[in-house]
Structure formats: structure tokens, C-alpha cells
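The structure appears below as C-alpha cells.
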Amino acid sequence: MKDGPNIARVAALIGDPARAEVLTALLADRALTATELAAVAGVTKQTVSAHLAKLVDAGLLAVEAQGRHRYFRLAGHDVAQLLESLMGVAFRTGAVRVRPGPREPALRKARVCYDHLAGELAVVVYEGLHARGVLATGGEGVVLTPSGAEWFASFGVDATLEAARHRAFCRPCLDWGERRHHLGGALGAALLKRLYELRWASRTKDSRVVTFTTKAEQTVRFAFTRA
């Protein structure tokens, strides 16, 4: 008996090397043109256009036209979660790049996972927030505690506002480099946004890498995670 949605089509689309490169590039939560994505995938613009059409038709990508240009981005948070999960499986099973890029260590340390923080520092934050009672794990999964809501408010994040958004609020996301969880969902996205606002962290140009100031990293590793 065949139950549930058919995953073969989606798996086949993601499994193509060029399309996989396109999807991975868009995990940075930035819309890119076909020309930019062709360069990322190492194929011609005509070839990438055919790939993009298939990805849009399957609901994995969304496209927006601005003037003469068309910009592509992931269709939603669920697509980003799927890709990050696949990266975790690939990393765990040894399916890594033969020649890691020069930014590989930086990606493992701190990077964007679509719209929230991932990497070693993100795992430190997630586990620290649990240790100090900001987050708790129960029958409903990971939840924000009442004292945790106060903690986020003191940090400049309105948890009530984030909880009202039409998406998962407080979700653990398995980190492919650390094989432990970091904070995803609307709350995770709000936390990363606040780190940017405070200038504790910044995005590296044309990359998923997130760079922390020395002082901010020390805070994350020590004071940020202590009760």
C-alpha cells in the first residue's frame, strides 16, 4: 500500500548537481538572478533557466519580476528546513565536498540557515538558553518559558509578536556541522535580526557566513549562556 505524498519528484529535482548548487546558494535568504545562479552552478544561463523553471513548477522556488530582471528565492521555510536536513545527513554519512571551500571553517562556526543563525555559535546559544531556563523541552516540544519571554524582552525581542507570525515559533533545527540543535522558527529569526541590529554580528558578502565581533563572540560563549 502506497501512503502519503510522492517524494520521488522532489528528491529527483534536488538530486541534480546543478539544481542542488542553486538551492544551496539560496539558503542565504537572498534573491538571485538566473545569471548569478548560473555562475554558482557552473552552467550556462540557458541551462540554469531550464533548471529554474522546473524548481519553480515544483514549488521549491518562488520568482519575482522587477523591471527586466527576475529574482529567485526559496519558496518557504519548509524548503530551507528540508535542505538543511539533507546537509546534515550528507555530512553524517561522509558525502562531503572533495575540496572544501576556503570558507568552510567559517561556515561551521556561524552561518545563516535561511533566516536564523546556525553553526557552532548557534548551538552554544541554543544549549545555553536551555541551561538558563529560557527554553524548555516538554510534551509539546521546545517551548519558550515565561521567564524566557522576559529574557528575550530584555534583549530587545518581542516574543509575543513573533509568536503571532504565520510560521513555526520556536523550533529546534538540527545543525549539519555540529549534529546538535540550534534555534529556528520565528524566534530564531528574530534573535539573529537583533544580533544584526546590535552590530554584534554581520553577514559576509556573497556568503552564508556570519561574522561576530570579538566581544560579541565572548558574550555568546560565556555571559550570553549563563544564568
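Following the order of the C-alpha cells, chains are lettered A, B, ..., residues in each are numbered from 1, and ligands are numbered from 1.
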Close residues, A:Phe152 itself excluded, 12 Å, only C-alpha atoms, min 2 positions apart in chain, as an MDAnalysis selection string: chainID A and resid 129 133:135 144:150 154:162 187:188 190:191 194 224
Okay, now the selection with C-alpha atoms, as a PDB file, in the first residue's frame?
ATOM      1  CA  LEU A 129      19.208  29.140  26.622  1.00  0.00           C
ATOM      2  CA  GLY A 133      15.614  28.153  31.621  1.00  0.00           C
ATOM      3  CA  VAL A 134      14.795  30.449  28.700  1.00  0.00           C
ATOM      4  CA  LEU A 135      13.783  27.412  26.650  1.00  0.00           C
ATOM      5  CA  LEU A 144       9.647  29.439  25.467  1.00  0.00           C
ATOM      6  CA  THR A 145       9.183  29.697  29.238  1.00  0.00           C
ATOM      7  CA  PRO A 146       7.533  32.722  30.915  1.00  0.00           C
ATOM      8  CA  SER A 147      10.910  33.788  32.293  1.00  0.00           C
ATOM      9  CA  GLY A 148      12.306  33.158  28.832  1.00  0.00           C
ATOM     10  CA  ALA A 149       9.867  35.649  27.332  1.00  0.00           C
ATOM     11  CA  GLU A 150      11.137  38.200  29.837  1.00  0.00           C
ATOM     12  CA  SER A 154      15.319  42.374  27.888  1.00  0.00           C
ATOM     13  CA  PHE A 155      17.355  41.518  24.812  1.00  0.00           C
ATOM     14  CA  GLY A 156      15.034  43.548  22.587  1.00  0.00           C
ATOM     15  CA  VAL A 157      12.907  40.769  21.079  1.00  0.00           C
ATOM     16  CA  ASP A 158       9.107  40.818  21.450  1.00  0.00           C
ATOM     17  CA  ALA A 159       8.288  37.114  21.749  1.00  0.00           C
ATOM     18  CA  THR A 160       4.517  37.748  21.688  1.00  0.00           C
ATOM     19  CA  LEU A 161       4.820  39.484  18.323  1.00  0.00           C
ATOM     20  CA  GLU A 162       6.949  36.665  16.918  1.00  0.00           C
ATOM     21  CA  LEU A 187      12.031  33.260  17.410  1.00  0.00           C
ATOM     22  CA  GLY A 188      15.349  32.151  15.936  1.00  0.00           C
ATOM     23  CA  ALA A 190      14.143  37.434  15.458  1.00  0.00           C
ATOM     24  CA  LEU A 191      17.209  36.615  17.539  1.00  0.00           C
ATOM     25  CA  ARG A 194      18.552  41.506  16.858  1.00  0.00           C
ATOM     26  CA  PHE A 224      25.002  35.050  26.996  1.00  0.00           C
TER      27      PHE A 224
END
Stretch 25-188 of chain A: residues DSSP assigns to strand (DSSP E or B), reported as a ChimeraX atom specification: /A:32-33,61-66,69-74,111-113,116-118,135-138,141-144,171-174,181-184
Export N, CA and C atoms of the chosen residues as a short mmCIF file (atom, residue, chain, number, x, y, z; two decimals), in the first residue's frame?
data_model
loop_
_atom_site.label_atom_id
_atom_site.label_comp_id
_atom_site.auth_asym_id
_atom_site.auth_seq_id
_atom_site.Cartn_x
_atom_site.Cartn_y
_atom_site.Cartn_z
N LEU A 32 18.31 35.84 -6.03
CA LEU A 32 19.36 35.94 -7.03
C LEU A 32 18.78 35.80 -8.42
N THR A 33 19.46 36.38 -9.39
CA THR A 33 19.02 36.29 -10.78
C THR A 33 19.51 34.98 -11.40
N LEU A 61 10.97 26.83 -5.55
CA LEU A 61 11.42 28.21 -5.69
C LEU A 61 10.25 29.12 -6.00
N ALA A 62 10.40 30.37 -5.61
CA ALA A 62 9.46 31.43 -5.99
C ALA A 62 10.23 32.43 -6.83
N VAL A 63 9.55 33.10 -7.74
CA VAL A 63 10.20 34.06 -8.61
C VAL A 63 9.44 35.38 -8.57
N GLU A 64 10.20 36.48 -8.61
CA GLU A 64 9.60 37.81 -8.59
C GLU A 64 10.26 38.66 -9.67
N ALA A 65 9.46 39.33 -10.46
CA ALA A 65 9.98 40.17 -11.53
C ALA A 65 10.08 41.62 -11.08
N GLN A 66 11.22 42.23 -11.36
CA GLN A 66 11.44 43.65 -11.09
C GLN A 66 12.10 44.25 -12.32
N HIS A 69 14.50 42.24 -14.77
CA HIS A 69 15.13 41.14 -14.04
C HIS A 69 14.11 40.28 -13.31
N ARG A 70 14.44 39.01 -13.20
CA ARG A 70 13.64 38.06 -12.42
C ARG A 70 14.51 37.52 -11.30
N TYR A 71 13.99 37.58 -10.08
CA TYR A 71 14.75 37.16 -8.92
C TYR A 71 14.14 35.88 -8.33
N PHE A 72 15.02 34.95 -8.00
CA PHE A 72 14.59 33.66 -7.49
C PHE A 72 14.99 33.53 -6.02
N ARG A 73 14.10 32.90 -5.23
CA ARG A 73 14.39 32.61 -3.83
C ARG A 73 13.68 31.32 -3.45
N LEU A 74 14.05 30.75 -2.32
CA LEU A 74 13.36 29.55 -1.86
C LEU A 74 11.89 29.87 -1.61
N ARG A 111 26.76 30.73 10.55
CA ARG A 111 26.23 30.98 9.22
C ARG A 111 24.72 31.20 9.32
N VAL A 112 24.12 31.66 8.24
CA VAL A 112 22.67 31.76 8.21
C VAL A 112 22.10 30.44 7.70
N CYS A 113 21.04 30.01 8.34
CA CYS A 113 20.26 28.86 7.88
C CYS A 113 18.92 29.46 7.44
N HIS A 116 17.79 32.26 10.14
CA HIS A 116 18.22 32.19 11.53
C HIS A 116 19.67 31.74 11.61
N LEU A 117 20.25 31.84 12.79
CA LEU A 117 21.66 31.54 12.98
C LEU A 117 21.89 30.04 13.12
N ALA A 118 22.93 29.55 12.44
CA ALA A 118 23.35 28.16 12.53
C ALA A 118 24.85 28.10 12.77
N LEU A 135 14.49 28.41 27.44
CA LEU A 135 13.78 27.41 26.65
C LEU A 135 13.64 26.15 27.48
N ALA A 136 12.60 25.38 27.21
CA ALA A 136 12.38 24.12 27.91
C ALA A 136 11.81 23.11 26.92
N THR A 137 12.09 21.84 27.17
CA THR A 137 11.59 20.77 26.33
C THR A 137 10.54 19.98 27.10
N GLY A 138 9.37 19.86 26.49
CA GLY A 138 8.28 19.14 27.15
C GLY A 138 7.52 18.29 26.16
N GLY A 141 7.23 19.66 22.68
CA GLY A 141 8.49 20.01 22.02
C GLY A 141 9.18 21.13 22.77
N VAL A 142 9.93 21.94 22.05
CA VAL A 142 10.66 23.05 22.67
C VAL A 142 9.73 24.24 22.81
N VAL A 143 9.69 24.83 24.00
CA VAL A 143 8.80 25.97 24.25
C VAL A 143 9.60 27.08 24.92
N LEU A 144 9.09 28.29 24.77
CA LEU A 144 9.65 29.44 25.47
C LEU A 144 8.97 29.55 26.82
N ARG A 171 11.42 26.46 17.14
CA ARG A 171 11.65 25.13 16.57
C ARG A 171 13.13 24.76 16.62
N PRO A 172 13.46 23.58 17.13
CA PRO A 172 14.85 23.13 17.06
C PRO A 172 15.20 22.73 15.63
N CYS A 173 16.37 23.09 15.20
CA CYS A 173 16.82 22.80 13.84
C CYS A 173 18.16 22.07 13.96
N LEU A 174 18.24 20.86 13.41
CA LEU A 174 19.46 20.07 13.54
C LEU A 174 20.59 20.68 12.71
N HIS A 181 21.33 20.70 17.99
CA HIS A 181 20.31 21.64 17.53
C HIS A 181 20.71 23.10 17.73
N HIS A 182 20.17 23.94 16.84
CA HIS A 182 20.17 25.38 17.05
C HIS A 182 18.72 25.86 16.98
N LEU A 183 18.51 27.12 17.26
CA LEU A 183 17.15 27.66 17.35
C LEU A 183 16.65 28.17 16.00
N GLY A 184 15.55 27.58 15.54
CA GLY A 184 14.94 28.02 14.29
C GLY A 184 13.60 28.68 14.55
#
Residue with smallest distance to A:Leu83 - pool A:Tyr114, A:Val40, A:Gly119, A:Ala31, counting only C-alpha atoms: A:Tyr114
Filtered DSSP result for stretch 24-106 of chain A, state alpha helix (DSSP H), as JSON, numbers by chain: {"A": [24, 25, 34, 35, 36, 37, 38, 39, 40, 41, 45, 46, 47, 48, 49, 50, 51, 52, 53, 54, 55, 56, 57, 77, 78, 79, 80, 81, 82, 83, 84, 85, 86, 87, 88, 89, 90, 91, 92, 104, 105, 106]}
Do a neighbour search on A:Ser202 at 10 Å with only C-alpha atoms, toss out local chain neighbours closer than 5 positions, and write the hits as a JSON list (two decimals) with N, CA, C and O atoms, in the first residue's frame.
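To be explicit, this is the file written out as around08.json:
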[["chain", "number", "residue", "atom", "x", "y", "z"],
["A", 111, "ARG", "N", 26.76, 30.73, 10.55],
["A", 111, "ARG", "CA", 26.23, 30.98, 9.22],
["A", 111, "ARG", "C", 24.72, 31.20, 9.32],
["A", 111, "ARG", "O", 24.12, 30.95, 10.37],
["A", 192, "LEU", "N", 18.45, 36.43, 15.46],
["A", 192, "LEU", "CA", 19.52, 36.80, 14.52],
["A", 192, "LEU", "C", 19.36, 38.25, 14.08],
["A", 192, "LEU", "O", 20.35, 39.00, 14.00],
["A", 193, "LYS", "N", 18.14, 38.67, 13.80],
["A", 193, "LYS", "CA", 17.89, 40.06, 13.41],
["A", 193, "LYS", "C", 18.37, 41.02, 14.49],
["A", 193, "LYS", "O", 18.97, 42.06, 14.20],
["A", 195, "LEU", "N", 20.73, 40.45, 16.70],
["A", 195, "LEU", "CA", 22.20, 40.43, 16.71],
["A", 195, "LEU", "C", 22.76, 41.37, 15.64],
["A", 195, "LEU", "O", 23.77, 42.05, 15.86],
["A", 196, "TYR", "N", 22.10, 41.42, 14.50],
["A", 196, "TYR", "CA", 22.50, 42.36, 13.44],
["A", 196, "TYR", "C", 22.28, 43.81, 13.90],
["A", 196, "TYR", "O", 23.14, 44.67, 13.70],
["A", 197, "GLU", "N", 21.10, 44.06, 14.50],
["A", 197, "GLU", "CA", 20.77, 45.42, 14.95],
["A", 197, "GLU", "C", 21.77, 45.93, 15.97],
["A", 197, "GLU", "O", 22.15, 47.12, 15.97],
["A", 209, "VAL", "N", 28.17, 33.00, 5.54],
["A", 209, "VAL", "CA", 28.96, 33.17, 6.76],
["A", 209, "VAL", "C", 28.48, 34.38, 7.56],
["A", 209, "VAL", "O", 28.24, 35.45, 7.00],
["A", 210, "VAL", "N", 28.35, 34.20, 8.87],
["A", 210, "VAL", "CA", 28.05, 35.28, 9.80],
["A", 210, "VAL", "C", 29.29, 35.51, 10.65],
["A", 210, "VAL", "O", 29.82, 34.57, 11.25],
["A", 211, "THR", "N", 29.75, 36.76, 10.69],
["A", 211, "THR", "CA", 30.94, 37.11, 11.45],
["A", 211, "THR", "C", 30.56, 37.88, 12.71],
["A", 211, "THR", "O", 29.81, 38.85, 12.63],
["A", 212, "PHE", "N", 31.06, 37.43, 13.85],
["A", 212, "PHE", "CA", 30.82, 38.10, 15.12],
["A", 212, "PHE", "C", 32.03, 38.96, 15.49],
["A", 212, "PHE", "O", 33.17, 38.61, 15.18],
["A", 213, "THR", "N", 31.77, 40.07, 16.17],
["A", 213, "THR", "CA", 32.87, 40.82, 16.73],
["A", 213, "THR", "C", 33.49, 39.98, 17.85],
["A", 213, "THR", "O", 32.85, 39.08, 18.40]]
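Atom CA of A:Val10 to atom CA of A:Ala75 spans 13.3 Å [interatomic distance, one decimal].
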d(atom CA of A:Arg9, atom CA of A:Thr24) in Å: 18.1 Å
Pick from A:Ile7, A:Ala38, A:Ala20, A:Leu27, whichever lies nearest to A:Leu55 using only C-alpha atoms: A:Ala20
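Closest approach to A:Ala41 from the set A:Val22, A:Ala53, A:Ala12, A:Ala58 is made by A:Val22, with distances taken over only C-alpha atoms.
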Å distance separating atom CA of A:Trp200 from atom CA of A:Ala164, one decimal place: 26.3 Å
Near-A:Thr44 list (10 Å; only C-alpha atoms; drop same-chain fewer than 6 positions) as a PyMOL selection string: chain A and resi 34-35+37-38
Let's have the selection written as a CSV table (one decimal), in the first residue's frame, with N, CA, C and O atoms.
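See selection29.csv below for the written result:
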chain,number,residue,atom,x,y,z
A,34,ALA,N,19.0,34.7,-12.6
A,34,ALA,CA,19.4,33.5,-13.3
A,34,ALA,C,20.9,33.5,-13.6
A,34,ALA,O,21.6,32.5,-13.6
A,35,THR,N,21.3,34.7,-14.0
A,35,THR,CA,22.8,34.9,-14.3
A,35,THR,C,23.6,34.6,-13.1
A,35,THR,O,24.7,33.9,-13.2
A,37,LEU,N,22.9,32.7,-10.5
A,37,LEU,CA,22.7,31.3,-10.2
A,37,LEU,C,23.4,30.4,-11.2
A,37,LEU,O,23.9,29.4,-10.8
A,38,ALA,N,23.5,30.9,-12.5
A,38,ALA,CA,24.3,30.1,-13.4
A,38,ALA,C,25.8,30.1,-13.1
A,38,ALA,O,26.4,29.0,-13.2
